[in-house]
$ cat model_16.pdb   # PDB, C-alpha atoms
ATOM      1  CA  MET A   1     -18.075 183.398  21.736
ATOM      2  CA  ASN A   2     -20.500 180.899  20.131
ATOM      3  CA  HIS A   3     -24.169 180.653  20.924
ATOM      4  CA  SER A   4     -26.556 177.755  20.888
ATOM      5  CA  LYS A   5     -29.765 177.995  18.885
ATOM      6  CA  LYS A   6     -31.471 181.163  20.098
ATOM      7  CA  LEU A   7     -34.910 181.023  21.674
ATOM      8  CA  LYS A   8     -37.366 183.886  21.488
ATOM      9  CA  CYS A   9     -38.765 183.059  24.917
ATOM     10  CA  ALA A  10     -35.487 182.776  26.849
ATOM     11  CA  ALA A  11     -32.041 184.369  26.852
ATOM     12  CA  PRO A  12     -28.794 182.410  27.310
ATOM     13  CA  ASP A  13     -27.872 182.203  30.979
ATOM     14  CA  LEU A  14     -25.141 179.536  30.966
ATOM     15  CA  GLN A  15     -21.607 179.592  29.609
ATOM     16  CA  VAL A  16     -19.846 176.387  28.573
ATOM     17  CA  GLU A  17     -16.069 176.343  28.172
ATOM     18  CA  VAL A  18     -14.844 173.625  25.811
ATOM     19  CA  GLY A  19     -11.419 172.162  24.999
ATOM     20  CA  PRO A  20      -7.874 173.180  25.912
ATOM     21  CA  GLU A  21      -8.366 176.399  23.962
ATOM     22  CA  LYS A  22     -11.292 177.235  26.290
ATOM     23  CA  LYS A  23     -13.759 178.107  23.585
ATOM     24  CA  VAL A  24     -16.918 179.525  25.138
ATOM     25  CA  TYR A  25     -20.507 178.746  24.124
ATOM     26  CA  GLU A  26     -23.686 180.228  25.586
ATOM     27  CA  TYR A  27     -26.834 178.225  26.290
ATOM     28  CA  VAL A  28     -30.185 178.445  27.950
ATOM     29  CA  GLY A  29     -29.360 176.416  31.037
ATOM     30  CA  VAL A  30     -32.621 174.465  31.288
ATOM     31  CA  VAL A  31     -32.384 173.454  27.617
ATOM     32  CA  LEU A  32     -28.875 172.014  27.956
ATOM     33  CA  ALA A  33     -29.803 170.420  31.277
ATOM     34  CA  ALA A  34     -32.734 168.669  29.615
ATOM     35  CA  ARG A  35     -30.302 167.081  27.171
ATOM     36  CA  CYS A  36     -27.506 166.298  29.607
ATOM     37  CA  ALA A  37     -28.073 164.664  33.008
ATOM     38  CA  TYR A  38     -24.580 165.728  34.100
ATOM     39  CA  VAL A  39     -25.378 169.410  33.485
ATOM     40  CA  ASP A  40     -28.743 168.991  35.188
ATOM     41  CA  SER A  41     -27.056 167.573  38.299
ATOM     42  CA  LEU A  42     -24.503 170.396  38.465
ATOM     43  CA  LEU A  43     -27.103 173.119  38.118
ATOM     44  CA  ALA A  44     -29.468 171.474  40.595
ATOM     45  CA  THR A  45     -26.982 171.336  43.480
ATOM     46  CA  PRO A  46     -25.351 174.162  45.466
ATOM     47  CA  MET A  47     -21.990 173.930  43.760
ATOM     48  CA  LYS A  48     -19.695 176.464  42.148
ATOM     49  CA  GLU A  49     -21.213 175.862  38.723
ATOM     50  CA  GLN A  50     -24.671 176.771  39.958
ATOM     51  CA  GLN A  51     -23.392 180.103  41.236
ATOM     52  CA  THR A  52     -21.076 181.064  38.370
ATOM     53  CA  ARG A  53     -23.317 179.624  35.614
ATOM     54  CA  ARG A  54     -20.161 178.432  33.867
ATOM     55  CA  LEU A  55     -19.270 174.814  33.069
ATOM     56  CA  THR A  56     -16.077 173.351  31.638
ATOM     57  CA  PHE A  57     -15.449 170.342  29.396
ATOM     58  CA  PRO A  58     -11.665 170.587  28.909
ATOM     59  CA  GLU A  59     -11.180 167.203  27.195
ATOM     60  CA  ILE A  60     -13.790 167.767  24.462
ATOM     61  CA  TYR A  61     -12.418 169.611  21.463
ATOM     62  CA  PRO A  62     -14.727 172.270  19.982
ATOM     63  CA  LYS A  63     -15.147 170.419  16.674
ATOM     64  CA  VAL A  64     -16.369 167.353  18.586
ATOM     65  CA  TRP A  65     -18.624 169.456  20.823
ATOM     66  CA  ASP A  66     -20.099 171.086  17.714
ATOM     67  CA  LYS A  67     -20.912 167.639  16.310
ATOM     68  CA  MET A  68     -22.447 166.535  19.585
ATOM     69  CA  MET A  69     -24.743 169.541  19.722
ATOM     70  CA  ARG A  70     -25.621 169.367  16.024
ATOM     71  CA  PHE A  71     -26.625 165.711  16.225
ATOM     72  CA  LEU A  72     -28.772 166.464  19.268
ATOM     73  CA  GLU A  73     -30.548 169.242  17.381
ATOM     74  CA  GLU A  74     -30.815 167.557  13.976
ATOM     75  CA  GLY A  75     -31.071 163.871  14.870
ATOM     76  CA  GLY A  76     -27.835 162.591  13.357
ATOM     77  CA  SER A  77     -29.179 161.998   9.835
ATOM     78  CA  ASP A  78     -25.733 162.790   8.377
ATOM     79  CA  MET A  79     -23.723 160.926  11.027
ATOM     80  CA  THR A  80     -20.835 158.716   9.885
ATOM     81  CA  PHE A  81     -19.202 155.865  11.758
ATOM     82  CA  GLU A  82     -16.186 158.088  12.411
ATOM     83  CA  ASP A  83     -18.531 160.669  13.945
ATOM     84  CA  ALA A  84     -20.081 158.002  16.155
ATOM     85  CA  VAL A  85     -16.636 156.932  17.413
ATOM     86  CA  GLU A  86     -15.838 160.554  18.284
ATOM     87  CA  VAL A  87     -19.026 161.511  20.103
ATOM     88  CA  ILE A  88     -20.200 158.369  21.919
ATOM     89  CA  PRO A  89     -17.509 158.450  24.672
ATOM     90  CA  PHE A  90     -18.633 161.945  25.711
ATOM     91  CA  TYR A  91     -22.334 161.266  25.273
ATOM     92  CA  GLU A  92     -21.893 158.383  27.698
ATOM     93  CA  LYS A  93     -19.535 160.076  30.150
ATOM     94  CA  TYR A  94     -21.733 163.148  30.551
ATOM     95  CA  ARG A  95     -25.030 161.283  30.217
ATOM     96  CA  PHE A  96     -26.477 162.772  27.065
ATOM     97  CA  GLU A  97     -29.206 160.137  26.808
ATOM     98  CA  GLY A  98     -30.567 161.556  23.567
ATOM     99  CA  GLY A  99     -27.103 161.441  22.012
ATOM    100  CA  ILE A 100     -26.563 157.849  23.112
ATOM    101  CA  ASN A 101     -29.871 156.884  21.521
ATOM    102  CA  ILE A 102     -28.933 158.674  18.286
ATOM    103  CA  VAL A 103     -25.668 156.726  18.018
ATOM    104  CA  ASP A 104     -27.436 153.476  18.939
ATOM    105  CA  THR A 105     -30.073 154.012  16.255
ATOM    106  CA  PHE A 106     -27.468 155.004  13.674
ATOM    107  CA  LEU A 107     -25.336 151.877  14.225
ATOM    108  CA  ALA A 108     -28.351 149.558  14.283
ATOM    109  CA  ARG A 109     -29.608 150.979  10.997
ATOM    110  CA  GLN A 110     -26.166 150.882   9.384
ATOM    111  CA  VAL A 111     -25.539 147.222  10.235
ATOM    112  CA  SER A 112     -29.082 146.219   9.307
ATOM    113  CA  ASP A 113     -28.907 147.962   5.938
ATOM    114  CA  LYS A 114     -25.646 146.247   4.991
ATOM    115  CA  ASP A 115     -27.039 142.659   5.200
ATOM    116  CA  MET A 116     -23.849 141.005   6.425
ATOM    117  CA  LEU A 117     -24.762 137.507   5.266
ATOM    118  CA  ASP A 118     -25.215 138.770   1.723
ATOM    119  CA  ARG A 119     -21.888 140.613   1.876
ATOM    120  CA  MET A 120     -20.119 137.487   3.133
ATOM    121  CA  LYS A 121     -21.523 135.409   0.276
ATOM    122  CA  HIS A 122     -20.500 138.042  -2.235
ATOM    123  CA  PHE A 123     -16.988 137.931  -0.742
ATOM    124  CA  ILE A 124     -16.905 134.140  -1.147
ATOM    125  CA  VAL A 125     -17.906 134.402  -4.806
ATOM    126  CA  SER A 126     -15.211 137.017  -5.377
ATOM    127  CA  LYS A 127     -12.576 134.756  -3.806
ATOM    128  CA  ARG A 128     -13.685 131.819  -5.938
ATOM    129  CA  ASN A 129     -13.348 133.968  -9.010
ATOM    130  CA  GLY A 130      -9.773 134.756  -8.060
ATOM    131  CA  ALA A 131     -10.320 138.307  -6.863
ATOM    132  CA  ILE A 132      -7.483 139.683  -4.762
ATOM    133  CA  ALA A 133      -8.532 142.303  -2.214
ATOM    134  CA  PRO A 134      -6.786 143.801   0.819
ATOM    135  CA  LEU A 135      -7.802 142.470   4.221
ATOM    136  CA  SER A 136      -9.495 145.788   4.923
ATOM    137  CA  HIS A 137     -12.081 144.862   2.251
ATOM    138  CA  HIS A 138     -13.207 141.755   4.136
ATOM    139  CA  PRO A 139     -16.833 142.239   5.307
ATOM    140  CA  MET A 140     -15.816 141.405   8.880
ATOM    141  CA  ALA A 141     -13.296 144.273   8.858
ATOM    142  CA  TRP A 142     -16.290 146.593   8.431
ATOM    143  CA  PHE A 143     -18.566 144.731  10.839
ATOM    144  CA  ILE A 144     -16.311 144.077  13.837
ATOM    145  CA  PRO A 145     -15.586 147.732  14.795
ATOM    146  CA  ARG A 146     -19.330 148.420  14.813
ATOM    147  CA  MET A 147     -20.019 145.406  16.977
ATOM    148  CA  GLN A 148     -17.194 146.372  19.329
ATOM    149  CA  LEU A 149     -18.478 149.938  19.674
ATOM    150  CA  SER A 150     -22.013 148.712  20.328
ATOM    151  CA  HIS A 151     -20.752 146.313  22.986
ATOM    152  CA  THR A 152     -18.369 148.778  24.668
ATOM    153  CA  TYR A 153     -21.091 151.383  25.201
ATOM    154  CA  ASN A 154     -23.934 148.911  25.791
ATOM    155  CA  LEU A 155     -25.963 150.173  22.836
ATOM    156  CA  GLU A 156     -28.951 147.878  23.009
ATOM    157  CA  LYS A 157     -30.475 148.223  19.539
ATOM    158  CA  ALA A 158     -27.143 148.102  17.735
ATOM    159  CA  SER A 159     -25.903 145.164  19.817
ATOM    160  CA  GLU A 160     -29.070 143.212  19.059
ATOM    161  CA  VAL A 161     -28.716 143.781  15.309
ATOM    162  CA  CYS A 162     -25.025 142.822  15.438
ATOM    163  CA  ILE A 163     -25.788 139.626  17.355
ATOM    164  CA  GLU A 164     -28.507 138.690  14.860
ATOM    165  CA  SER A 165     -26.166 139.382  11.944
ATOM    166  CA  LEU A 166     -23.406 137.226  13.425
ATOM    167  CA  GLU A 167     -25.867 134.441  14.218
ATOM    168  CA  GLY A 168     -27.025 134.474  10.603
ATOM    169  CA  ILE A 169     -23.449 134.152   9.377
ATOM    170  CA  LEU A 170     -22.678 131.311  11.799
ATOM    171  CA  GLN A 171     -25.731 129.384  10.682
ATOM    172  CA  ASP A 172     -24.665 129.548   7.028
ATOM    173  CA  GLU A 173     -22.210 126.753   6.197
ATOM    174  CA  GLU A 174     -20.332 128.740   3.563
ATOM    175  CA  ALA A 175     -20.309 132.154   5.205
ATOM    176  CA  ARG A 176     -18.983 131.007   8.572
ATOM    177  CA  ILE A 177     -15.758 129.569   7.148
ATOM    178  CA  VAL A 178     -14.612 133.016   6.065
ATOM    179  CA  ILE A 179     -14.699 134.366   9.596
ATOM    180  CA  TRP A 180     -10.954 134.051  10.064
ATOM    181  CA  VAL A 181      -8.982 133.502  13.246
ATOM    182  CA  ARG A 182      -7.938 137.146  13.400
ATOM    183  CA  HIS A 183     -11.637 138.094  13.368
ATOM    184  CA  TRP A 184     -12.476 135.698  16.171
ATOM    185  CA  MET A 185      -9.672 137.064  18.296
ATOM    186  CA  ASP A 186     -11.245 140.517  17.962
ATOM    187  CA  LEU A 187     -14.714 139.160  18.687
ATOM    188  CA  ALA A 188     -13.620 136.906  21.565
ATOM    189  CA  PRO A 189     -14.273 139.375  24.436
ATOM    190  CA  ILE A 190     -17.822 139.951  23.174
ATOM    191  CA  VAL A 191     -18.461 136.263  22.561
ATOM    192  CA  VAL A 192     -17.312 135.328  26.073
ATOM    193  CA  GLU A 193     -19.626 137.876  27.689
ATOM    194  CA  ASP A 194     -22.713 137.379  25.523
ATOM    195  CA  ARG A 195     -24.332 134.009  26.150
ATOM    196  CA  ARG A 196     -26.618 134.446  23.148
ATOM    197  CA  LEU A 197     -23.709 133.525  20.885
ATOM    198  CA  TRP A 198     -22.631 130.399  22.750
ATOM    199  CA  GLY A 199     -25.399 128.276  21.247
ATOM    200  CA  PRO A 200     -24.773 129.177  17.579
ATOM    201  CA  ILE A 201     -21.013 128.818  17.982
ATOM    202  CA  SER A 202     -21.382 125.463  19.717
ATOM    203  CA  GLU A 203     -23.554 124.249  16.825
ATOM    204  CA  VAL A 204     -20.750 125.130  14.441
ATOM    205  CA  LEU A 205     -18.231 123.273  16.583
ATOM    206  CA  LEU A 206     -20.449 120.204  16.757
ATOM    207  CA  LYS A 207     -20.747 120.103  12.980
ATOM    208  CA  VAL A 208     -16.997 119.938  12.579
ATOM    209  CA  GLY A 209     -16.668 117.450  15.437
ATOM    210  CA  GLU A 210     -14.480 119.694  17.544
ATOM    211  CA  SER A 211     -16.413 120.225  20.780
ATOM    212  CA  ASN A 212     -19.818 120.473  22.430
ATOM    213  CA  THR A 213     -21.838 123.083  24.276
ATOM    214  CA  ASP A 214     -20.723 122.099  27.774
ATOM    215  CA  ASN A 215     -17.056 122.219  26.856
ATOM    216  CA  PHE A 216     -17.484 125.548  25.113
ATOM    217  CA  VAL A 217     -19.250 127.140  28.091
ATOM    218  CA  ALA A 218     -16.695 125.813  30.565
ATOM    219  CA  GLY A 219     -13.809 126.825  28.347
ATOM    220  CA  SER A 220     -15.167 130.312  27.841
ATOM    221  CA  ARG A 221     -15.358 130.880  31.568
ATOM    222  CA  GLN A 222     -11.880 129.579  32.213
ATOM    223  CA  GLY A 223      -9.816 130.364  29.158
ATOM    224  CA  GLY A 224     -11.488 133.342  27.506
ATOM    225  CA  SER A 225     -10.135 134.260  24.092
ATOM    226  CA  THR A 226      -7.455 131.532  24.225
ATOM    227  CA  MET A 227     -10.127 128.851  24.553
ATOM    228  CA  ILE A 228     -12.186 130.309  21.729
ATOM    229  CA  PHE A 229      -9.099 130.397  19.538
ATOM    230  CA  LYS A 230      -8.472 126.722  20.260
ATOM    231  CA  LEU A 231     -12.055 125.567  19.780
ATOM    232  CA  LEU A 232     -12.534 127.394  16.500
ATOM    233  CA  ARG A 233      -9.310 126.350  14.784
ATOM    234  CA  ALA A 234     -11.148 123.611  12.892
ATOM    235  CA  LEU A 235     -13.128 126.249  11.026
ATOM    236  CA  TYR A 236      -9.980 127.650   9.501
ATOM    237  CA  GLU A 237      -8.074 124.557   8.476
ATOM    238  CA  ARG A 238      -6.966 124.986   4.883
ATOM    239  CA  GLU A 239      -8.275 121.564   3.855
ATOM    240  CA  TYR A 240     -11.782 122.344   5.114
ATOM    241  CA  ALA A 241     -11.831 125.790   3.577
ATOM    242  CA  GLU A 242     -10.457 124.681   0.238
ATOM    243  CA  LYS A 243     -13.169 122.033  -0.059
ATOM    244  CA  LYS A 244     -15.589 124.936  -0.128
ATOM    245  CA  GLY A 245     -13.575 126.731  -2.753
ATOM    246  CA  VAL A 246     -12.162 129.426  -0.495
ATOM    247  CA  ARG A 247      -8.425 130.025  -0.310
ATOM    248  CA  PHE A 248      -6.917 131.806   2.657
ATOM    249  CA  PRO A 249      -3.782 133.989   2.599
TER     250      PRO A 249
END
$ encode --input "model_16.pdb" --output "C-alpha cells"
Amino acid sequence: MNHSKKLKCAAPDLQVEVGPEKKVYEYVGVVLAARCAYVDSLLATPMKEQQTRRLTFPEIYPKVWDKMMRFLEEGGSDMTFEDAVEVIPFYEKYRFEGGINIVDTFLARQVSDKDMLDRMKHFIVSKRNGAIAPLSHHPMAWFIPRMQLSHTYNLEKASEVCIESLEGILQDEEARIVIWVRHWMDLAPIVVEDRRLWGPISEVLLKVGESNTDNFVAGSRQGGSTMIFKLLRALYEREYAEKKGVRFP
C-alpha cells in the first residue's frame, strides 16, 4: 500500500485504488479533494464513496497516477512531452485543475523556447546546403503534436503561443513554403475551428493569387480540410518552392 505525502496535522482517511492491478494509495481526503474536483464531488455527496472512503480509478495505471501526483506536488519542472500526453487526459477527465494548468504552462513554455520561425529558417538553410534529414526532423513534425494537444484539451496559454508561432511562420515568405501539404492536413481541423488563423492564411493565398478571404471562410465552413488542401496547393508547387531554393521530396 502506497501513501501520499504524510502530514503531521492529519492522518490518511481515504483509500484510492488505481489500475487493473488495483494498487492502493492512502490520502488525506480533503487534500486530494482540493486538487481534484471529481474527488471533491464524490466526497461531498451521500454516495458509496463517501461512506466507504474508497475511490477507484481503474483505467489509470499506477505509473501514470504516480506521475500525476508528483507533478501536482512538484510543479512539473521535469515534465516531458511524453509525460504531458500521458497525464492530460486524466487531469481533464477527473478535473485536476492544477494539473491541467501545469501541462498548459509546460507546453506554452516549450513552444515559446523553441522559436519556431528560427527553426524553420535553419531547416531551409540546411535544405539549400543539400542536407538530407528524415521527415521526423522537420520542425513542423515537432510543433504539430504540441499544437494538436493544446487544441484538443483547450489549453489556453499553450494554444495562444502555438497560434502566434504559426502566424509568425505564415507571415515569413520563406518559412511558409516549407509547411508541406501533409502538415496542413494535420493542422486543418484546428485551422477550420480557430478564426484567428483565417486572416494570416488568406494573406498567404492572396500573395500567390489563389483565393481571397471570403472564399477561404466560406470554403472552410463547407469543405473543411478538403477545402484547405485545395486552397493551399499553390504553396507547395515545385516551381514556386524551387525558386526559393527549397527542394521537396
$ resolve_selection --input "model_16.pdb" --expression "the PyMOL selection byres ((chain A and resi 129-143) around 8)" --output "ChimeraX atom specification"
/A:111,116,119-120,123,125-128,144-147,179,183
$ closest_residue --input "model_16.pdb" --among "A:Val30, A:Tyr38, A:Gly168, A:Asp13" --to "Leu197 (chain A)" --atoms "all atoms listed in the file"
A:Gly168
$ residues_around --input "model_16.pdb" --residues "Leu32 (chain A)" --least-positions-apart "5" --cutoff "12 Å" --atoms "all atoms listed in the file" --output "list of chain:residue names"
A:Ser4, A:Lys5, A:Pro12, A:Asp13, A:Leu14, A:Gln15, A:Val16, A:Tyr25, A:Glu26, A:Tyr27, A:Ala37, A:Tyr38, A:Val39, A:Asp40, A:Ser41, A:Leu42, A:Leu43, A:Leu55, A:Met68, A:Met69, A:Leu72, A:Glu73, A:Tyr94, A:Arg95, A:Phe96, A:Glu97, A:Gly98
$ residues_near_point --input "model_16.pdb" --point "(-31.2, 158.4, 23.4)" --cutoff "12 Å" --atoms "all atoms listed in the file" --output "list in words"
Arg35, Cys36, Ala37, Phe71, Leu72, Gly75, Gly76, Ile88, Tyr91, Glu92, Arg95, Phe96, Glu97, Gly98, Gly99, Ile100, Asn101, Ile102, Val103, Asp104, Thr105, Phe106, Leu155, Glu156 and Lys157 of chain A
$ write_last_selection --input "model_16.pdb" --atoms "C-alpha atoms" --output "JSON list (two decimals), in the coordinates of the input"
[["chain", "number", "residue", "atom", "x", "y", "z"],
["A", 35, "ARG", "CA", -30.30, 167.08, 27.17],
["A", 36, "CYS", "CA", -27.51, 166.30, 29.61],
["A", 37, "ALA", "CA", -28.07, 164.66, 33.01],
["A", 71, "PHE", "CA", -26.62, 165.71, 16.23],
["A", 72, "LEU", "CA", -28.77, 166.46, 19.27],
["A", 75, "GLY", "CA", -31.07, 163.87, 14.87],
["A", 76, "GLY", "CA", -27.84, 162.59, 13.36],
["A", 88, "ILE", "CA", -20.20, 158.37, 21.92],
["A", 91, "TYR", "CA", -22.33, 161.27, 25.27],
["A", 92, "GLU", "CA", -21.89, 158.38, 27.70],
["A", 95, "ARG", "CA", -25.03, 161.28, 30.22],
["A", 96, "PHE", "CA", -26.48, 162.77, 27.06],
["A", 97, "GLU", "CA", -29.21, 160.14, 26.81],
["A", 98, "GLY", "CA", -30.57, 161.56, 23.57],
["A", 99, "GLY", "CA", -27.10, 161.44, 22.01],
["A", 100, "ILE", "CA", -26.56, 157.85, 23.11],
["A", 101, "ASN", "CA", -29.87, 156.88, 21.52],
["A", 102, "ILE", "CA", -28.93, 158.67, 18.29],
["A", 103, "VAL", "CA", -25.67, 156.73, 18.02],
["A", 104, "ASP", "CA", -27.44, 153.48, 18.94],
["A", 105, "THR", "CA", -30.07, 154.01, 16.26],
["A", 106, "PHE", "CA", -27.47, 155.00, 13.67],
["A", 155, "LEU", "CA", -25.96, 150.17, 22.84],
["A", 156, "GLU", "CA", -28.95, 147.88, 23.01],
["A", 157, "LYS", "CA", -30.48, 148.22, 19.54]]
$ residues_around --input "model_16.pdb" --residues "Leu107 (chain A)" --least-positions-apart "6" --cutoff "8 Å" --atoms "only C-alpha atoms" --output "list in words"
Phe81, Arg146, Ser150 and Ala158 of chain A
$ atom_distance --input "model_16.pdb" --atom1 "CA of Pro58 (chain A)" --atom2 "CA of Glu21 (chain A)"
8.3 Å
